[in-house]
Each structure stands twice: as C-alpha cells, then as structure tokens.
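A quick write-up on the structure given underneath.
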Amino acid sequence: MPTHIVDFSARSKVIRAEPFNAHFWKCTPAEFRAFLGRPREFLRKLGIVVPRECRIETTIENHDWLEDQAPAFESDSGNDPVICNMGCGAAARSVYRVVSYARDEAATGNFDKALLHRVDRQQVKDEDGTSARKKKKVGKSSKGKVSASRDSGREDDGE
C-alpha cells in the first residue's frame, strides 16, 4: 500500500474551497506499476474517487532514471527507488492529472526549503490582508528572504 498519502484539501481550508482535489502519495515501483495498469482502481483504494466520466492523465518525470533503477518495476540493485505522485482535479474538472517523479528514498528530508509562509498559516496573506511575515518576524537570510528549516513549526504527523 502506498505511504505518505496526503489530501491537501484536508490540510488547507484555502484548497478545500477550490473546485478541485489535490493529493500526494509515495509508492514503490511495483505499486506504481499497479497504478499504471489500473489507475482508477488504485486511486479508489487510496480513498480518491475519480468518476467514470473523468479521464486520468499521468506524466512521468525522469522515466529513464526509473528504468535504470527498477527495470520492469522491480528493484533488485540494492537501491530503494520510490515514486512521488501529485494528483489534482476531478471535483469540478473532467480530468485528474497525476505527475509522478521517481527518486532514491535516501533523498527524503535532505533539502531545506524556503517556504512561502509559516506552517501555521493557510496562505501568504491572512484573511485580513496582512502578510504573515509582517505580523511576526521569521529568521531572514542575507538576501532578505524568509527561510525556514523543514522542521520549524512542523506538527507531529505520526511519521
């Protein structure tokens, strides 16, 4: 079963109000093969219901890397490839698009990201129109951009 399944509508009231669904999940090469073979059934098992009249489109980034690391969608070279997937659509749109990116599991958590807003905010500007950055100062880099460690303010999500 895929892991790290995230429904961004559940995480953000801003996205929840929009006329589309947005999801993330991570899977093994064998699970990805199952997705490619029967995408609607696979998504349903994740809890993502794509109506029959809604088409599913999939883009595979770095497909050649996946071929090298997991020929026939099987990993036997001692590495640990995973495929990260972002799916969006299907609520008021007649398409559910999935962008898939294969990578080495060891890369998880190795990147510092410059977040657009703090993790306790729903968006860059609050409902009252003021910037979250102006209300409370967050550490600034030498270029004046807000930088955030990937763990700053993160809620414990059971991982």
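A note on labels: chains of the structure tokens are A, B, ... as shown, every chain counts residues from 1, and ligands are counted from 1 in their shown order.
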Just want the 10 Å neighbourhood of region 6-10 of chain A, counted on only C-alpha atoms, with same-chain residues fewer than 5 positions away dropped. Output as a PDB file with N, CA, C and O atoms, in the first residue's frame.
```
ATOM      1  N   ILE A  15      -7.361  25.442  -0.126  1.00  0.00           N
ATOM      2  CA  ILE A  15      -7.506  24.448  -1.195  1.00  0.00           C
ATOM      3  C   ILE A  15      -8.866  23.761  -1.104  1.00  0.00           C
ATOM      4  O   ILE A  15      -9.498  23.474  -2.121  1.00  0.00           O
ATOM      5  N   ARG A  16      -9.348  23.526   0.109  1.00  0.00           N
ATOM      6  CA  ARG A  16     -10.645  22.880   0.307  1.00  0.00           C
ATOM      7  C   ARG A  16     -11.762  23.662  -0.391  1.00  0.00           C
ATOM      8  O   ARG A  16     -12.719  23.092  -0.896  1.00  0.00           O
ATOM      9  N   ALA A  17     -11.657  24.990  -0.457  1.00  0.00           N
ATOM     10  CA  ALA A  17     -12.684  25.827  -1.075  1.00  0.00           C
ATOM     11  C   ALA A  17     -12.605  25.839  -2.602  1.00  0.00           C
ATOM     12  O   ALA A  17     -13.549  26.280  -3.264  1.00  0.00           O
ATOM     13  N   GLU A  18     -11.517  25.363  -3.166  1.00  0.00           N
ATOM     14  CA  GLU A  18     -11.339  25.389  -4.618  1.00  0.00           C
ATOM     15  C   GLU A  18     -12.076  24.227  -5.292  1.00  0.00           C
ATOM     16  O   GLU A  18     -12.316  23.199  -4.666  1.00  0.00           O
ATOM     17  N   PHE A  20     -11.338  21.737  -7.050  1.00  0.00           N
ATOM     18  CA  PHE A  20     -10.516  20.602  -7.452  1.00  0.00           C
ATOM     19  C   PHE A  20      -9.971  19.912  -6.218  1.00  0.00           C
ATOM     20  O   PHE A  20      -9.937  20.492  -5.139  1.00  0.00           O
ATOM     21  N   ASN A  21      -9.568  18.681  -6.382  1.00  0.00           N
ATOM     22  CA  ASN A  21      -8.907  17.915  -5.326  1.00  0.00           C
ATOM     23  C   ASN A  21      -7.401  18.010  -5.546  1.00  0.00           C
ATOM     24  O   ASN A  21      -6.946  18.179  -6.675  1.00  0.00           O
ATOM     25  N   ALA A  22      -6.622  17.867  -4.496  1.00  0.00           N
ATOM     26  CA  ALA A  22      -5.162  17.842  -4.610  1.00  0.00           C
ATOM     27  C   ALA A  22      -4.627  16.814  -3.615  1.00  0.00           C
ATOM     28  O   ALA A  22      -4.942  16.881  -2.422  1.00  0.00           O
ATOM     29  N   HIS A  23      -3.849  15.857  -4.121  1.00  0.00           N
ATOM     30  CA  HIS A  23      -3.358  14.743  -3.299  1.00  0.00           C
ATOM     31  C   HIS A  23      -1.885  14.459  -3.560  1.00  0.00           C
ATOM     32  O   HIS A  23      -1.370  14.746  -4.640  1.00  0.00           O
ATOM     33  N   PHE A  24      -1.242  13.843  -2.572  1.00  0.00           N
ATOM     34  CA  PHE A  24       0.136  13.365  -2.698  1.00  0.00           C
ATOM     35  C   PHE A  24       0.178  11.940  -2.160  1.00  0.00           C
ATOM     36  O   PHE A  24      -0.514  11.619  -1.202  1.00  0.00           O
ATOM     37  N   TRP A  25       0.997  11.090  -2.779  1.00  0.00           N
ATOM     38  CA  TRP A  25       1.287   9.766  -2.224  1.00  0.00           C
ATOM     39  C   TRP A  25       2.625   9.290  -2.758  1.00  0.00           C
ATOM     40  O   TRP A  25       3.093   9.721  -3.796  1.00  0.00           O
ATOM     41  N   LYS A  26       3.235   8.426  -1.984  1.00  0.00           N
ATOM     42  CA  LYS A  26       4.532   7.863  -2.340  1.00  0.00           C
ATOM     43  C   LYS A  26       4.354   6.360  -2.453  1.00  0.00           C
ATOM     44  O   LYS A  26       3.676   5.748  -1.627  1.00  0.00           O
ATOM     45  N   LEU A  46      -6.864   4.224  -2.409  1.00  0.00           N
ATOM     46  CA  LEU A  46      -6.292   5.291  -1.586  1.00  0.00           C
ATOM     47  C   LEU A  46      -7.374   6.192  -0.990  1.00  0.00           C
ATOM     48  O   LEU A  46      -7.077   7.047  -0.164  1.00  0.00           O
ATOM     49  N   GLY A  47      -8.614   6.016  -1.442  1.00  0.00           N
ATOM     50  CA  GLY A  47      -9.713   6.868  -0.994  1.00  0.00           C
ATOM     51  C   GLY A  47     -10.013   7.991  -1.971  1.00  0.00           C
ATOM     52  O   GLY A  47     -10.856   8.836  -1.706  1.00  0.00           O
ATOM     53  N   ILE A  48      -9.335   8.002  -3.114  1.00  0.00           N
ATOM     54  CA  ILE A  48      -9.524   9.040  -4.134  1.00  0.00           C
ATOM     55  C   ILE A  48     -10.478   8.485  -5.179  1.00  0.00           C
ATOM     56  O   ILE A  48     -10.129   7.575  -5.936  1.00  0.00           O
ATOM     57  N   MET A  86       1.790  13.548  -7.380  1.00  0.00           N
ATOM     58  CA  MET A  86       0.885  14.652  -7.053  1.00  0.00           C
ATOM     59  C   MET A  86      -0.289  14.546  -8.012  1.00  0.00           C
ATOM     60  O   MET A  86      -0.104  14.564  -9.235  1.00  0.00           O
ATOM     61  N   GLY A  87      -1.493  14.405  -7.460  1.00  0.00           N
ATOM     62  CA  GLY A  87      -2.694  14.320  -8.278  1.00  0.00           C
ATOM     63  C   GLY A  87      -3.592  15.506  -8.019  1.00  0.00           C
ATOM     64  O   GLY A  87      -3.697  15.979  -6.889  1.00  0.00           O
ATOM     65  N   CYS A  88      -4.248  15.995  -9.076  1.00  0.00           N
ATOM     66  CA  CYS A  88      -5.086  17.186  -8.932  1.00  0.00           C
ATOM     67  C   CYS A  88      -6.228  17.138  -9.944  1.00  0.00           C
ATOM     68  O   CYS A  88      -6.029  16.773 -11.099  1.00  0.00           O
TER      69      CYS A  88
END
```
Give me, as number ranges by chain, all polymer residues having an atom no more than 6 Å from Cys54 (chain A), counting only C-alpha atoms and skipping those fewer than 2 positions away in the same chain. A: 51-52, 94-95
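With only C-alpha atoms taken into account, the protein and nucleic acid residues at most 9 Å from Glu74 (chain A) (excluding it and anything under 5 positions from it in its own chain) are Thr28, Pro29, Ala30 and Gln69 of chain A.
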Provide the CA of Arg121 (chain A) to CA of Ser12 (chain A) distance in Å, to one decimal place.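 Pair CA of Arg121 (chain A) / CA of Ser12 (chain A) returns 9.0 Å.
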Pick from A:His4, A:Ile56, A:Lys45, A:His63, whichever lies nearest to Arg103 (chain A) using only C-alpha atoms: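 Between A:His4, A:Ile56, A:Lys45, A:His63, the residue approaching Arg103 (chain A) most closely is A:His63.
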For a quick check of understanding, using only C-alpha atoms, which of A:Leu36, A:Trp65, A:Pro71, A:Val119 has the smallest distance to Asn85 (chain A)? A:Leu36
Please determine, counting only C-alpha atoms, which residue among A:Ala106, A:Ala91, A:Ile83, A:Val98 has the shortest atom-to-atom distance to Thr3 (chain A).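 For Thr3 (chain A), the nearest of the candidates is A:Ile83.
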I need the residue nearest Glu57 (chain A) from this list: A:Phe73, A:Phe42, A:Tyr96, A:Phe35. Use only C-alpha atoms for the distance.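 The answer is A:Tyr96, which sits nearest to Glu57 (chain A).
Between CA of Cys84 (chain A) and CA of Glu61 (chain A) the interatomic distance comes to 10.1 Å.
CA of Ala107 (chain A) sits 14.8 Å away from CA of Leu66 (chain A).
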Who sits within 8 Å of Thr59 (chain A), only C-alpha atoms, same chain under 6 positions skipped, as number ranges by chain: A: 97-100
As a count of residues only, please: every residue in region 12-104 of chain A that DSSP puts in helix (DSSP H, G or I). 31
Show which residues sit within 8 Å of Val50 (chain A), as a PDB file with N, CA and C atoms, in the first residue's frame. Count only C-alpha atoms, and ignore same-chain residues fewer than 6 positions away.
```pdb
ATOM      1  N   ARG A  40      -7.733   3.974 -11.933  1.00  0.00           N
ATOM      2  CA  ARG A  40      -8.970   4.310 -11.214  1.00  0.00           C
ATOM      3  C   ARG A  40      -9.142   3.422  -9.984  1.00  0.00           C
ATOM      4  N   LEU A  43      -6.435   4.381  -7.319  1.00  0.00           N
ATOM      5  CA  LEU A  43      -6.786   5.619  -6.616  1.00  0.00           C
ATOM      6  C   LEU A  43      -7.941   5.387  -5.644  1.00  0.00           C
ATOM      7  N   ARG A  44      -8.911   4.573  -6.044  1.00  0.00           N
ATOM      8  CA  ARG A  44     -10.040   4.269  -5.160  1.00  0.00           C
ATOM      9  C   ARG A  44      -9.564   3.616  -3.871  1.00  0.00           C
ATOM     10  N   ALA A  90     -10.637  16.494 -10.793  1.00  0.00           N
ATOM     11  CA  ALA A  90     -11.773  15.598 -10.604  1.00  0.00           C
ATOM     12  C   ALA A  90     -12.954  16.150  -9.815  1.00  0.00           C
ATOM     13  N   TYR A  96      -8.305  14.227 -14.010  1.00  0.00           N
ATOM     14  CA  TYR A  96      -7.491  14.089 -12.803  1.00  0.00           C
ATOM     15  C   TYR A  96      -6.070  13.866 -13.312  1.00  0.00           C
TER      16      TYR A  96
END
```
